[in-house]
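Colleague: Below you'll find input.cif; it's mmCIF, C-alpha atoms.
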```cif
data_coords
#
loop_
_atom_site.label_atom_id
_atom_site.label_comp_id
_atom_site.auth_asym_id
_atom_site.auth_seq_id
_atom_site.Cartn_x
_atom_site.Cartn_y
_atom_site.Cartn_z
CA MET H 828 22.76 -57.72 14.11
CA LEU H 829 20.83 -54.56 14.87
CA ALA H 830 20.03 -52.29 11.95
CA GLU H 831 21.68 -48.91 11.98
CA PRO H 832 19.36 -46.13 13.10
CA ALA H 833 17.88 -44.08 10.33
CA ARG H 834 19.98 -41.13 9.34
CA PHE H 835 18.08 -37.89 9.09
CA ALA H 836 19.19 -35.02 6.88
CA PRO H 837 19.94 -31.74 8.64
CA PRO H 838 17.00 -29.35 8.90
CA SER H 839 18.37 -27.14 6.14
CA SER H 840 17.52 -29.87 3.63
CA LEU H 841 13.85 -29.14 4.21
CA LEU H 842 14.32 -26.10 2.00
CA ASP H 843 14.79 -28.47 -0.92
CA HIS H 844 11.10 -29.38 -0.65
CA VAL H 845 9.63 -25.89 -0.29
CA ARG H 846 7.69 -24.37 -3.21
CA PRO H 847 10.07 -22.29 -5.34
CA ALA H 848 7.61 -19.38 -5.27
CA ALA H 849 7.98 -19.21 -1.48
CA LEU H 850 11.77 -19.48 -1.60
CA THR H 851 12.26 -16.76 -4.17
CA LEU H 852 10.20 -14.05 -2.48
CA PRO H 853 12.56 -11.09 -2.02
CA GLU H 854 13.65 -9.97 1.42
CA SER H 855 12.39 -6.53 2.35
CA GLY H 856 14.93 -3.80 1.69
CA ILE H 857 12.92 -1.56 4.03
CA VAL H 858 13.16 -4.00 6.93
CA GLU H 859 16.92 -4.33 6.42
CA VAL H 860 17.43 -0.61 7.01
CA MET H 861 14.95 -0.58 9.90
CA ASN H 862 16.79 -3.39 11.64
CA TYR H 863 20.10 -1.63 11.03
CA GLY H 864 19.07 1.65 12.62
CA ARG H 865 16.02 1.18 14.83
CA GLU H 866 17.88 1.15 18.19
CA ARG H 867 20.12 4.16 17.53
CA PRO H 868 19.66 6.98 20.06
CA GLY H 869 18.07 10.02 18.44
CA MET H 870 17.15 8.16 15.24
CA ILE H 871 14.35 9.79 13.21
CA PRO H 872 12.61 6.83 11.54
CA LEU H 873 11.02 7.86 8.23
CA TRP H 874 11.42 4.47 6.53
CA ALA H 875 7.99 2.89 7.12
CA GLY H 876 4.66 3.80 5.54
CA GLU H 877 2.92 5.09 8.64
CA GLY H 878 2.62 8.24 10.69
CA ASP H 879 3.59 8.81 14.30
CA LEU H 880 0.10 9.40 15.71
CA PRO H 881 -1.49 6.53 17.66
CA THR H 882 -5.00 5.35 16.92
CA PRO H 883 -7.48 7.92 18.32
CA ALA H 884 -8.93 6.99 21.71
CA PHE H 885 -12.55 6.95 20.51
CA ILE H 886 -11.64 4.15 18.07
CA ALA H 887 -9.75 2.06 20.62
CA GLU H 888 -12.51 2.55 23.18
CA ALA H 889 -15.06 1.06 20.78
CA ALA H 890 -12.97 -2.12 20.67
CA THR H 891 -12.63 -2.11 24.46
CA ARG H 892 -16.41 -1.84 24.92
CA SER H 893 -16.91 -4.72 22.50
CA LEU H 894 -14.46 -6.90 24.42
CA ALA H 895 -16.14 -6.02 27.70
CA ALA H 896 -19.46 -7.04 26.18
CA GLY H 897 -18.05 -10.46 25.32
CA GLU H 898 -17.86 -10.11 21.54
CA THR H 899 -15.11 -12.69 21.23
CA PHE H 900 -16.82 -15.36 19.13
CA TYR H 901 -16.80 -16.25 15.44
CA THR H 902 -18.60 -13.64 13.40
CA TRP H 903 -19.83 -12.82 9.90
CA GLN H 904 -17.30 -13.85 7.23
CA ARG H 905 -18.14 -10.81 5.11
CA GLY H 906 -17.99 -8.46 8.10
CA ILE H 907 -20.55 -7.47 10.69
CA PRO H 908 -23.57 -5.74 9.12
CA GLU H 909 -22.93 -2.53 11.07
CA LEU H 910 -19.45 -2.15 9.59
CA ARG H 911 -20.50 -3.00 6.05
CA CYS H 912 -23.26 -0.41 6.29
CA ALA H 913 -20.80 2.14 7.67
CA ILE H 914 -18.38 1.47 4.80
CA ALA H 915 -21.23 1.81 2.30
CA ARG H 916 -22.24 5.20 3.76
CA TYR H 917 -18.63 6.38 3.79
CA MET H 918 -17.98 5.41 0.17
CA ALA H 919 -21.29 6.84 -1.00
CA GLY H 920 -20.39 10.11 0.68
CA LEU H 921 -16.98 10.24 -1.00
CA TYR H 922 -17.80 9.09 -4.52
CA GLY H 923 -21.55 9.39 -4.93
CA VAL H 924 -21.89 5.66 -5.52
CA PRO H 925 -25.06 3.79 -4.44
CA GLU H 926 -25.09 3.02 -0.72
CA ASP H 927 -25.02 -0.78 -1.03
CA PRO H 928 -23.49 -2.82 1.84
CA GLU H 929 -23.53 -5.92 -0.38
CA ARG H 930 -20.57 -4.45 -2.30
CA TYR H 931 -18.22 -4.52 0.71
CA PHE H 932 -16.26 -7.35 2.33
CA VAL H 933 -14.16 -6.84 5.46
CA THR H 934 -10.65 -8.30 5.39
CA GLY H 935 -7.75 -8.75 7.78
CA SER H 936 -5.80 -5.76 6.36
CA GLY H 937 -5.42 -4.09 3.00
CA MET H 938 -2.69 -6.61 2.28
CA GLN H 939 -5.15 -9.48 2.68
CA ALA H 940 -7.58 -7.59 0.47
CA ILE H 941 -4.93 -7.59 -2.28
CA GLN H 942 -4.15 -11.27 -1.72
CA ILE H 943 -7.82 -12.23 -1.96
CA ALA H 944 -8.35 -10.05 -5.04
CA MET H 945 -5.44 -11.79 -6.75
CA ALA H 946 -6.62 -15.23 -5.64
CA LEU H 947 -9.98 -14.40 -7.21
CA THR H 948 -8.53 -13.35 -10.56
CA LEU H 949 -5.18 -15.12 -11.09
CA SER H 950 -4.05 -18.71 -11.54
CA ALA H 951 -0.53 -20.10 -11.56
CA GLY H 952 1.24 -18.96 -14.72
CA ASP H 953 -1.02 -15.95 -15.29
CA GLU H 954 0.38 -12.42 -15.51
CA VAL H 955 -0.51 -9.24 -13.66
CA ILE H 956 0.70 -5.89 -15.02
CA ILE H 957 2.01 -3.55 -12.32
CA PRO H 958 3.33 -0.02 -12.90
CA SER H 959 6.64 0.35 -11.06
CA PRO H 960 8.22 1.51 -8.75
CA VAL H 961 5.55 0.06 -6.50
CA TRP H 962 4.93 -1.18 -2.99
CA PRO H 963 6.63 -4.60 -3.13
CA ASN H 964 3.89 -6.56 -1.37
CA ALA H 965 1.59 -6.29 -4.39
CA ALA H 966 3.93 -8.20 -6.68
CA ALA H 967 4.75 -10.65 -3.88
CA ALA H 968 1.04 -11.47 -3.53
CA ALA H 969 1.07 -12.59 -7.16
CA ASP H 970 4.31 -14.52 -6.71
CA VAL H 971 2.90 -16.47 -3.76
CA ILE H 972 0.12 -17.97 -5.89
CA GLY H 973 2.46 -18.73 -8.78
CA ALA H 974 1.41 -15.83 -11.02
CA HIS H 975 3.93 -13.50 -12.63
CA PRO H 976 4.16 -9.74 -12.10
CA VAL H 977 5.01 -7.84 -15.29
CA TYR H 978 6.39 -4.41 -14.45
CA VAL H 979 5.70 -1.32 -16.55
CA PRO H 980 8.12 1.49 -15.63
CA LEU H 981 6.63 4.85 -14.73
CA ALA H 982 8.17 7.76 -16.62
CA PHE H 983 9.80 10.64 -14.71
CA ASP H 984 10.70 14.18 -15.58
CA GLU H 985 11.71 17.05 -13.31
CA VAL H 986 8.71 19.18 -14.23
CA HIS H 987 5.78 16.77 -13.92
CA GLY H 988 7.25 14.02 -11.75
CA PHE H 989 6.08 10.44 -12.32
CA SER H 990 3.57 9.49 -15.01
CA LEU H 991 2.08 6.36 -16.60
CA GLU H 992 2.35 5.98 -20.38
CA LEU H 993 -0.70 4.10 -21.65
CA ASP H 994 1.01 2.85 -24.81
CA ARG H 995 3.70 1.23 -22.68
CA LEU H 996 1.03 -0.29 -20.44
CA GLU H 997 -0.89 -1.83 -23.34
CA ALA H 998 2.32 -3.12 -24.93
CA ALA H 999 2.83 -5.26 -21.82
CA VAL H 1000 -0.41 -7.20 -22.40
CA THR H 1001 0.12 -10.80 -23.52
CA PRO H 1002 -2.23 -13.80 -23.92
CA ARG H 1003 -1.38 -14.70 -20.31
CA THR H 1004 -2.36 -11.31 -18.85
CA ARG H 1005 -5.37 -11.42 -16.55
CA VAL H 1006 -5.05 -8.36 -14.29
CA ILE H 1007 -3.84 -4.76 -14.24
CA PHE H 1008 -2.91 -3.57 -10.74
CA ILE H 1009 -3.15 0.20 -10.32
CA ASN H 1010 -2.07 2.00 -7.15
CA SER H 1011 -3.09 5.66 -7.27
CA PRO H 1012 -2.16 7.79 -5.37
CA ALA H 1013 0.93 5.64 -5.40
CA ASN H 1014 3.41 4.33 -2.87
CA PRO H 1015 6.32 5.17 -3.16
CA THR H 1016 6.23 7.72 -5.98
CA GLY H 1017 3.24 9.89 -5.09
CA PHE H 1018 2.02 9.48 -8.68
CA VAL H 1019 -1.69 10.21 -9.14
CA ALA H 1020 -3.51 8.97 -12.24
CA SER H 1021 -5.70 11.61 -13.85
CA HIS H 1022 -9.25 10.84 -14.96
CA GLU H 1023 -7.92 10.66 -18.51
CA VAL H 1024 -5.32 8.05 -17.52
CA LEU H 1025 -7.87 6.04 -15.54
CA LYS H 1026 -10.21 6.03 -18.53
CA GLY H 1027 -7.29 4.87 -20.69
CA VAL H 1028 -6.46 2.01 -18.32
CA LEU H 1029 -10.12 1.00 -18.23
CA ASP H 1030 -10.29 1.04 -22.04
CA ILE H 1031 -7.27 -1.27 -22.20
CA ALA H 1032 -8.83 -3.63 -19.67
CA ARG H 1033 -12.11 -3.70 -21.61
CA ARG H 1034 -10.40 -4.34 -24.96
CA HIS H 1035 -8.42 -7.28 -23.61
CA GLY H 1036 -10.96 -8.69 -21.15
CA LEU H 1037 -8.83 -7.95 -18.07
CA TRP H 1038 -9.54 -7.34 -14.42
CA ILE H 1039 -8.41 -4.17 -12.67
CA ILE H 1040 -7.34 -4.29 -9.02
CA ALA H 1041 -7.59 -0.68 -7.86
CA ASP H 1042 -5.51 0.18 -4.81
CA GLU H 1043 -6.80 3.64 -3.88
CA ILE H 1044 -5.93 3.58 -0.19
CA TYR H 1045 -4.21 6.99 -0.37
CA GLY H 1046 -7.17 8.57 -2.18
CA ARG H 1047 -7.77 11.06 0.65
CA PHE H 1048 -4.11 12.10 0.66
CA TYR H 1049 -4.32 14.26 -2.45
CA TYR H 1050 -2.93 17.77 -2.35
CA GLU H 1051 -4.43 19.22 -5.52
CA ALA H 1052 -8.21 19.13 -5.07
CA GLY H 1053 -9.34 17.22 -2.00
CA LEU H 1054 -10.02 13.74 -3.39
CA ALA H 1055 -7.88 11.94 -5.92
CA PRO H 1056 -9.40 10.77 -9.21
CA SER H 1057 -10.85 7.28 -8.85
CA PHE H 1058 -12.04 4.44 -11.03
CA HIS H 1059 -15.39 5.12 -9.33
CA ASP H 1060 -15.55 8.26 -11.45
CA VAL H 1061 -15.10 6.54 -14.82
CA MET H 1062 -16.38 2.96 -14.50
CA ALA H 1063 -19.68 1.52 -15.70
CA PRO H 1064 -21.79 -1.34 -14.28
CA GLY H 1065 -20.24 -4.66 -15.20
CA ASP H 1066 -16.64 -3.43 -15.39
CA ARG H 1067 -14.24 -5.95 -13.89
CA ILE H 1068 -12.85 -3.81 -11.08
CA LEU H 1069 -11.97 -4.87 -7.54
CA PHE H 1070 -11.18 -2.06 -5.09
CA VAL H 1071 -8.89 -2.78 -2.13
CA GLN H 1072 -8.90 -0.54 0.93
CA THR H 1073 -7.51 -0.32 4.46
CA PHE H 1074 -8.15 1.39 7.78
CA SER H 1075 -4.40 1.80 8.28
CA LYS H 1076 -3.59 5.17 6.76
CA ASN H 1077 -6.63 7.43 7.21
CA TRP H 1078 -7.31 6.51 10.83
CA ALA H 1079 -3.79 5.63 12.09
CA MET H 1080 -4.67 1.94 12.46
CA THR H 1081 -1.66 0.24 10.86
CA GLY H 1082 -1.33 -2.27 13.70
CA TRP H 1083 -5.00 -3.25 13.66
CA ARG H 1084 -4.72 -5.09 10.31
CA MET H 1085 -8.16 -4.41 8.90
CA GLY H 1086 -9.33 -3.44 5.42
CA TRP H 1087 -12.02 -4.17 2.87
CA ILE H 1088 -12.71 -5.20 -0.71
CA GLU H 1089 -15.31 -3.49 -2.84
CA ALA H 1090 -16.75 -5.67 -5.60
CA ASP H 1091 -19.91 -6.37 -7.54
CA PRO H 1092 -22.38 -8.21 -5.26
CA SER H 1093 -22.47 -11.14 -7.71
CA LEU H 1094 -18.99 -12.04 -6.43
CA GLY H 1095 -20.16 -12.19 -2.82
CA ALA H 1096 -20.25 -15.96 -2.34
CA VAL H 1097 -16.79 -16.40 -3.85
CA LEU H 1098 -15.25 -13.63 -1.75
CA GLU H 1099 -16.93 -14.98 1.36
CA ASN H 1100 -15.36 -18.39 0.71
CA LEU H 1101 -11.91 -16.89 0.15
CA ILE H 1102 -12.17 -15.05 3.46
CA GLN H 1103 -13.49 -18.18 5.20
CA TYR H 1104 -10.59 -20.30 3.99
CA SER H 1105 -8.05 -17.64 4.87
CA THR H 1106 -8.90 -16.11 8.25
CA SER H 1107 -12.56 -17.02 8.85
CA GLY H 1108 -13.32 -13.34 9.33
CA VAL H 1109 -12.07 -10.33 11.28
CA ALA H 1110 -12.56 -10.15 15.05
CA ALA H 1111 -15.83 -8.46 16.00
CA PHE H 1112 -14.22 -6.09 18.49
CA MET H 1113 -11.87 -4.81 15.79
CA GLN H 1114 -14.82 -4.25 13.48
CA ARG H 1115 -16.56 -2.19 16.16
CA ALA H 1116 -13.47 0.02 16.12
CA GLY H 1117 -13.84 0.29 12.35
CA VAL H 1118 -17.42 1.50 12.73
CA ALA H 1119 -16.26 4.20 15.15
CA ALA H 1120 -13.50 5.27 12.76
CA LEU H 1121 -15.88 5.67 9.84
CA GLU H 1122 -18.69 7.34 11.79
CA ARG H 1123 -16.67 9.66 14.04
CA GLY H 1124 -13.25 9.96 12.42
CA GLU H 1125 -13.66 12.61 9.73
CA SER H 1126 -12.01 15.43 11.67
CA PHE H 1127 -9.06 13.16 12.45
CA VAL H 1128 -8.68 12.24 8.76
CA SER H 1129 -8.73 15.92 7.80
CA HIS H 1130 -6.07 16.61 10.44
CA GLN H 1131 -3.92 13.78 9.07
CA ILE H 1132 -4.15 15.12 5.51
CA GLU H 1133 -3.27 18.69 6.44
CA ARG H 1134 -0.43 17.47 8.64
CA ALA H 1135 0.97 15.45 5.73
CA ARG H 1136 0.64 18.42 3.36
CA ARG H 1137 2.72 20.56 5.74
CA GLY H 1138 5.19 17.71 6.17
CA ARG H 1139 5.68 17.41 2.41
CA ASP H 1140 6.45 21.11 2.11
CA ILE H 1141 8.78 21.18 5.12
CA VAL H 1142 11.03 18.45 3.78
CA ALA H 1143 10.88 19.29 0.07
CA ASP H 1144 11.50 23.01 0.65
CA ALA H 1145 14.54 22.16 2.77
CA ILE H 1146 16.29 19.78 0.39
CA LEU H 1147 15.44 21.22 -3.03
CA PRO H 1148 17.75 24.26 -2.54
CA THR H 1149 20.74 21.93 -2.08
CA ASN H 1150 20.52 21.29 -5.86
CA ARG H 1151 21.49 17.68 -5.22
CA VAL H 1152 18.07 16.02 -5.40
CA HIS H 1153 15.92 14.98 -8.33
CA LEU H 1154 12.51 15.66 -6.84
CA VAL H 1155 9.08 16.96 -7.78
CA LYS H 1156 6.67 17.55 -4.89
CA PRO H 1157 4.27 14.59 -5.10
CA PRO H 1158 0.57 15.35 -5.64
CA GLY H 1159 -0.54 12.39 -3.52
CA ALA H 1160 0.27 9.80 -0.82
CA PHE H 1161 2.77 10.79 1.89
CA TYR H 1162 6.22 10.00 0.55
CA LEU H 1163 9.06 11.85 -1.12
CA PHE H 1164 10.73 9.59 -3.68
CA PHE H 1165 13.85 11.28 -4.97
CA GLY H 1166 17.26 10.74 -6.48
CA VAL H 1167 20.48 12.14 -5.07
CA GLU H 1168 23.16 13.56 -7.35
CA GLY H 1169 26.33 11.47 -7.22
CA GLU H 1170 24.69 8.51 -5.43
CA THR H 1171 24.00 5.33 -7.41
CA ASP H 1172 23.75 2.62 -4.73
CA MET H 1173 20.57 3.47 -2.83
CA ARG H 1174 20.84 0.56 -0.41
CA ALA H 1175 24.28 1.81 0.60
CA LEU H 1176 22.96 5.39 0.77
CA ALA H 1177 20.14 4.40 3.14
CA LEU H 1178 22.61 2.69 5.47
CA LYS H 1179 25.00 5.65 5.21
CA LEU H 1180 22.26 8.10 6.19
CA VAL H 1181 21.60 6.03 9.30
CA ASP H 1182 25.29 6.25 10.24
CA GLU H 1183 26.03 9.82 9.20
CA ALA H 1184 22.74 11.73 9.59
CA ASN H 1185 20.78 9.53 12.03
CA ILE H 1186 17.71 9.49 9.80
CA GLY H 1187 16.00 6.39 8.43
CA LEU H 1188 14.90 6.31 4.79
CA ALA H 1189 13.89 3.38 2.57
CA PRO H 1190 16.04 2.48 -0.47
CA GLY H 1191 14.28 2.65 -3.83
CA THR H 1192 15.63 -0.80 -4.64
CA ALA H 1193 12.93 -2.14 -2.30
CA PHE H 1194 10.23 -0.98 -4.74
CA GLY H 1195 11.02 -2.96 -7.84
CA PRO H 1196 12.25 -2.01 -11.32
CA GLY H 1197 12.65 1.71 -11.80
CA GLY H 1198 13.33 2.39 -8.13
CA GLU H 1199 17.06 1.84 -8.28
CA LYS H 1200 17.94 5.56 -8.53
CA TYR H 1201 15.68 6.77 -5.74
CA ILE H 1202 15.20 6.78 -1.99
CA ARG H 1203 11.90 7.13 -0.08
CA MET H 1204 11.05 9.33 2.89
CA CYS H 1205 7.71 9.18 4.71
CA PHE H 1206 6.52 12.67 5.68
CA ALA H 1207 3.42 11.69 7.70
CA ARG H 1208 5.01 13.00 10.89
CA GLY H 1209 4.93 15.99 13.21
CA GLU H 1210 6.43 19.33 12.18
CA ALA H 1211 9.17 19.38 14.80
CA GLN H 1212 10.47 15.93 13.89
CA LEU H 1213 10.30 16.59 10.14
CA THR H 1214 12.01 19.96 10.50
CA GLU H 1215 14.89 18.30 12.32
CA ALA H 1216 15.04 15.42 9.81
CA ALA H 1217 15.01 17.86 6.88
CA ASP H 1218 17.78 19.91 8.48
CA ARG H 1219 19.92 16.81 9.03
CA LEU H 1220 19.39 15.64 5.45
CA ALA H 1221 20.05 19.09 3.94
CA ARG H 1222 23.29 19.42 5.94
CA TRP H 1223 24.38 15.99 4.78
CA LEU H 1224 23.57 16.81 1.14
CA ARG H 1225 25.59 20.03 1.29
CA ARG H 1226 28.70 18.32 2.63
#
```
Is it possible to express this structure as C-alpha cells?

Modeller:
Amino acid sequence: MLAEPARFAPPSSLLDHVRPAALTLPESGIVEVMNYGRERPGMIPLWAGEGDLPTPAFIAEAATRSLAAGETFYTWQRGIPELRCAIARYMAGLYGVPEDPERYFVTGSGMQAIQIAMALTLSAGDEVIIPSPVWPNAAAAADVIGAHPVYVPLAFDEVHGFSLELDRLEAAVTPRTRVIFINSPANPTGFVASHEVLKGVLDIARRHGLWIIADEIYGRFYYEAGLAPSFHDVMAPGDRILFVQTFSKNWAMTGWRMGWIEADPSLGAVLENLIQYSTSGVAAFMQRAGVAALERGESFVSHQIERARRGRDIVADAILPTNRVHLVKPPGAFYLFFGVEGETDMRALALKLVDEANIGLAPGTAFGPGGEKYIRMCFARGEAQLTEAADRLARWLRR
C-alpha cells in the first residue's frame, strides 16, 4: 500500500517560524496615507521627508561619466579615497574638525549608517534611549537586532516648542542601557538641541559609560544662525560618539541611498567588516556623484535651505491665524509638527485631509510615543505648491 503523500502546511504557517522581532516591526503610518492618496488628481503630497527638486544635473552627470568609464566593479568597503577625502574637507569646513579621511565610512544610505552604528554598539536585550516623537526607522533599527528602544518624551509648550529635559533623559538610564540616540535638528518636531543640552547629554553618557549615536543630518537646515549646534562643538577626544549622515537631504539625493558614518579611526576595521557583511560597499559610480555633490554643491545647498525657510513661513503664517493649531515655528529641519484643535485621531485626520482638502500629511502616530496629538507637514517644496497647500489647509481648518 502506497504511503500517503506528505501534507504541507499552507504558506501562512511559515510566519510561525519567523523571528518575533521581524514580525512585530510596526507598519509605516506614513506609507498608509501615501498609498491612500498618491493617485488622486491634484494631490499635493507633503507626507514624505523629501523636497520636490530632482538631483542637480552636475551630480547625476558625475555618475554617468563613471559608468561610461566602466567603474562597475567591487570597490573600497570604506568608500573610495576621493569621496572620503571630500567628506573630510566638507566636515572640516563646517565644524573646524581635523581633516582626517580615516574618520569617515561610506554607507548605503543614512538608514544603513544608523543600522551599522547600532550593530556596533548594541546586543540583543540592550536598551537605546530615544527622545520621541522621532523618525520611526531609528527605533526599528534597534528592534531588528533584538535591542529595546526606550522612549523619552520631548516636552512641548506654545512659546518655545519642543524641548528635551535632561533629568527625564537620565532617569531613563538602566543597567541595560548602552546607547543614547539624538536626532537634532529633529524629524518630525524641528527640535534643535542647544549647546547646553548637548553638553548635558554628553555628561550623562560619560557618567554612565554610554555611546551616543548623533543623527545630525538636518544640521544645515537651521533657521536661527546658519549651522545647528553639534556634538562636534562640545566633544573631546575619546568620547563614544558615532555620527550618522546622508546625501539625501542637502543635495536632493533621497533615491540614491548613500550616506556616511563618522567615527574614531580606531573603529575602522570593525566598521569596514560591518559594511562588508552588509552590502560590500557602495557602487563606485554613486560615490563619484557624492564627490561632485560635496565639491560643487554648496550653492544648491544654500538654495535648498532658503527655499525651506520661505516654505516654513508660508505655511505657518497661513494656518496660525485660524487659531485651531498648536504650533511653534520650528528652528530646524523642514517639517511642521502641529496639533489641531478638536482632532484627537491623527490617523483619521490624515486620511480626512486627503479626501476633503486633497493634501497629504503624515499622522503623528507614525512617530512613536508623544506623537499621537500631532500631524506632520513637509515644507521643503516650491512656493506656489506650498501656498496652495496652505490655502487648502487654512480653508479646511476654518470650516

Colleague: Which residue is closest to Asp1218 in chain H? Choose from H:Gly1187, H:Leu1178, H:Asp1144, H:Phe900 and count only C-alpha atoms.

Modeller: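 Closest to Asp1218 in chain H of all the choices is H:Asp1144.
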
Colleague: For the file shown, what are the residues hit by the PyMOL selection byres ((chain H and resi 1067) around 9), laid out as a list in words?

Modeller: Ala1032, Arg1033, Gly1036, Leu1037, Trp1038, Ile1039, Ile1040, Pro1064, Gly1065, Asp1066, Ile1068, Leu1069, Ala1090 and Asp1091 of chain H

Colleague: Using only C-alpha atoms, pick whichever of H:Ala1217, H:Leu1147, H:Met1062, H:Val977 has the shortest atom-to-atom distance to Ala998 in chain H.

Modeller: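 The shortest atom-to-atom distance to Ala998 in chain H comes from H:Val977.
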
Colleague: Since I can't run it myself right now, could you work out what the PyMOL selection byres ((chain H and resi 1094-1111) around 9) selects here and report it as a ChimeraX atom specification?

Modeller: /H:890,893-894,898-907,929-935,939,943-944,946-947,1085,1088,1090-1093,1112-1116

Colleague: Kindly indicate which residue among H:Ala967, H:Ile1009, H:Val1118, H:Ala1177 lies nearest to Val979 in chain H, using all atoms listed in the file for the distances.

Modeller: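 Looking at the shortest contact to Val979 in chain H, the residue is H:Ile1009.
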
Colleague: Rank nothing, just name the residue among H:Leu1121, H:Glu909, H:Ala1221, H:Arg1174 nearest to Thr1149 in chain H, using all atoms listed in the file.

Modeller: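 For Thr1149 in chain H, the nearest of the candidates is H:Ala1221.
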
Colleague: Do you have the CA of Arg1003 in chain H-CA of Val971 in chain H distance handy?

Modeller: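 Result for CA of Arg1003 in chain H versus CA of Val971 in chain H: 17.2 Å, one decimal.
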
Colleague: Select, from H:Phe1018, H:Trp962, H:Phe1164, H:Tyr917, the residue with the minimum atom-to-atom distance to Gly856 in chain H, counting only C-alpha atoms.

Modeller: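 Residue with the minimum atom-to-atom distance to Gly856 in chain H: H:Trp962.
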
Colleague: For the provided coordinates, the residues matched by the PyMOL selection byres ((chain H and resi 1212-1215) around 12) should be stated as a PyMOL selection string.

Modeller: chain H and resi 869-873+878-879+1134-1146+1184-1187+1204-1211+1216-1222

Colleague: Find, counting all atoms listed in the file, the residue in H:Leu850, H:Ala940, H:Val924, H:Val860 that gets nearest to Leu1180 in chain H.

Modeller: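 Using all atoms listed in the file, Leu1180 in chain H sits closest to H:Val860.
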
Colleague: I'd like the interatomic distance between CA of Gly1159 in chain H and CA of Arg1084 in chain H, to a tenth of an Å.

Modeller: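 CA of Arg1084 in chain H lies 22.7 Å from CA of Gly1159 in chain H.
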
Colleague: Can you tell me, as an NGL selection string, which residues sit within 9 Å of (11.5, 2.7, -13.0) in the file's frame, using only C-alpha atoms?

Modeller: :H and (958-960 or 978-983 or 1195-1200)

Colleague: Please compute the CA of Phe1048 in chain H-CA of Ala1160 in chain H distance, one decimal, in Å.

Modeller: 5.2 Å

Colleague: Need to verify the contact set: Ser950 in chain H, 9 Å, all atoms listed in the file, exclusion of same-chain residues closer than 6 positions in sequence. Can you return it as an MDAnalysis selection string?

Modeller: chainID H and resid 972:974 1005

Colleague: Emit the selected residues as a short mmCIF file (atom, residue, chain, number, x, y, z; two decimals), in the frame of the given file, including C-alpha atoms.

Modeller:
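And here is the file that came out, out.cif:
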```
data_model
loop_
_atom_site.label_atom_id
_atom_site.label_comp_id
_atom_site.auth_asym_id
_atom_site.auth_seq_id
_atom_site.Cartn_x
_atom_site.Cartn_y
_atom_site.Cartn_z
CA ILE H 972 0.12 -17.97 -5.89
CA GLY H 973 2.46 -18.73 -8.78
CA ALA H 974 1.41 -15.83 -11.02
CA ARG H 1005 -5.37 -11.42 -16.55
#
```

Colleague: Find the residues around Leu921 in chain H up to 12 Å (only C-alpha atoms counted), leave out those fewer than 3 positions away in its own chain, and share them as an mmCIF file with C-alpha atoms, in the coordinates of the input.

Modeller:
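The result, stored in part_22.cif:
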```cif
data_model
loop_
_atom_site.group_PDB
_atom_site.id
_atom_site.type_symbol
_atom_site.label_atom_id
_atom_site.label_comp_id
_atom_site.auth_asym_id
_atom_site.auth_seq_id
_atom_site.Cartn_x
_atom_site.Cartn_y
_atom_site.Cartn_z
ATOM 1 C CA ILE H 914 -18.380 1.470 4.800
ATOM 2 C CA ALA H 915 -21.230 1.810 2.300
ATOM 3 C CA ARG H 916 -22.240 5.200 3.760
ATOM 4 C CA TYR H 917 -18.630 6.380 3.790
ATOM 5 C CA MET H 918 -17.980 5.410 0.170
ATOM 6 C CA VAL H 924 -21.890 5.660 -5.520
ATOM 7 C CA PRO H 925 -25.060 3.790 -4.440
ATOM 8 C CA GLU H 926 -25.090 3.020 -0.720
ATOM 9 C CA GLY H 1046 -7.170 8.570 -2.180
ATOM 10 C CA ARG H 1047 -7.770 11.060 0.650
ATOM 11 C CA GLY H 1053 -9.340 17.220 -2.000
ATOM 12 C CA LEU H 1054 -10.020 13.740 -3.390
ATOM 13 C CA ALA H 1055 -7.880 11.940 -5.920
ATOM 14 C CA PRO H 1056 -9.400 10.770 -9.210
ATOM 15 C CA SER H 1057 -10.850 7.280 -8.850
ATOM 16 C CA HIS H 1059 -15.390 5.120 -9.330
ATOM 17 C CA ASP H 1060 -15.550 8.260 -11.450
ATOM 18 C CA LEU H 1121 -15.880 5.670 9.840
ATOM 19 C CA GLU H 1125 -13.660 12.610 9.730
#
```

Colleague: Residues within 7 Å of Ser855 in chain H, please, as a list in words. Count all atoms listed in the file; anything in the same chain fewer than 3 positions from it doesn't count.

Modeller: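 The filter keeps Val858, Glu859 and Ala1193 of chain H.
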
Colleague: Take the residues from that selection and put them in a file with C-alpha atoms, as a CSV table (one decimal), in the coordinates of the input.

Modeller:
```
chain,number,residue,atom,x,y,z
H,858,VAL,CA,13.2,-4.0,6.9
H,859,GLU,CA,16.9,-4.3,6.4
H,1193,ALA,CA,12.9,-2.1,-2.3
```

Colleague: Could you put an axis-aligned box around every listed atom of range 930-933 of chain H, padded by 4 Å on each side, and send me its centre and edge lengths in Å to one decimal, as AutoDock Vina command-line options?

Modeller:
```
--center_x -17.4 --center_y -5.9 --center_z 1.6 --size_x 14.4 --size_y 10.9 --size_z 15.8
```

Colleague: Model the absent atoms of range 1192-1197 of chain H so that N, CA and C atoms are present, and write the result as a compact mmCIF listing (two decimals), in the coordinates of the input.

Modeller:
```
# COMPACT_ATOMS: atom_id res chain seq x y z
N THR H 1192 15.48 0.58 -4.17
CA THR H 1192 15.63 -0.80 -4.64
C THR H 1192 14.59 -1.73 -4.03
N ALA H 1193 13.96 -1.31 -2.93
CA ALA H 1193 12.93 -2.14 -2.30
C ALA H 1193 11.62 -2.10 -3.07
N PHE H 1194 11.51 -1.21 -4.08
CA PHE H 1194 10.23 -0.98 -4.74
C PHE H 1194 10.21 -1.43 -6.19
N GLY H 1195 11.09 -2.35 -6.53
CA GLY H 1195 11.02 -2.96 -7.84
C GLY H 1195 11.70 -2.17 -8.94
N PRO H 1196 11.59 -2.66 -10.18
CA PRO H 1196 12.25 -2.01 -11.32
C PRO H 1196 11.86 -0.54 -11.44
N GLY H 1197 12.86 0.28 -11.69
CA GLY H 1197 12.65 1.71 -11.80
C GLY H 1197 12.93 2.45 -10.51
```
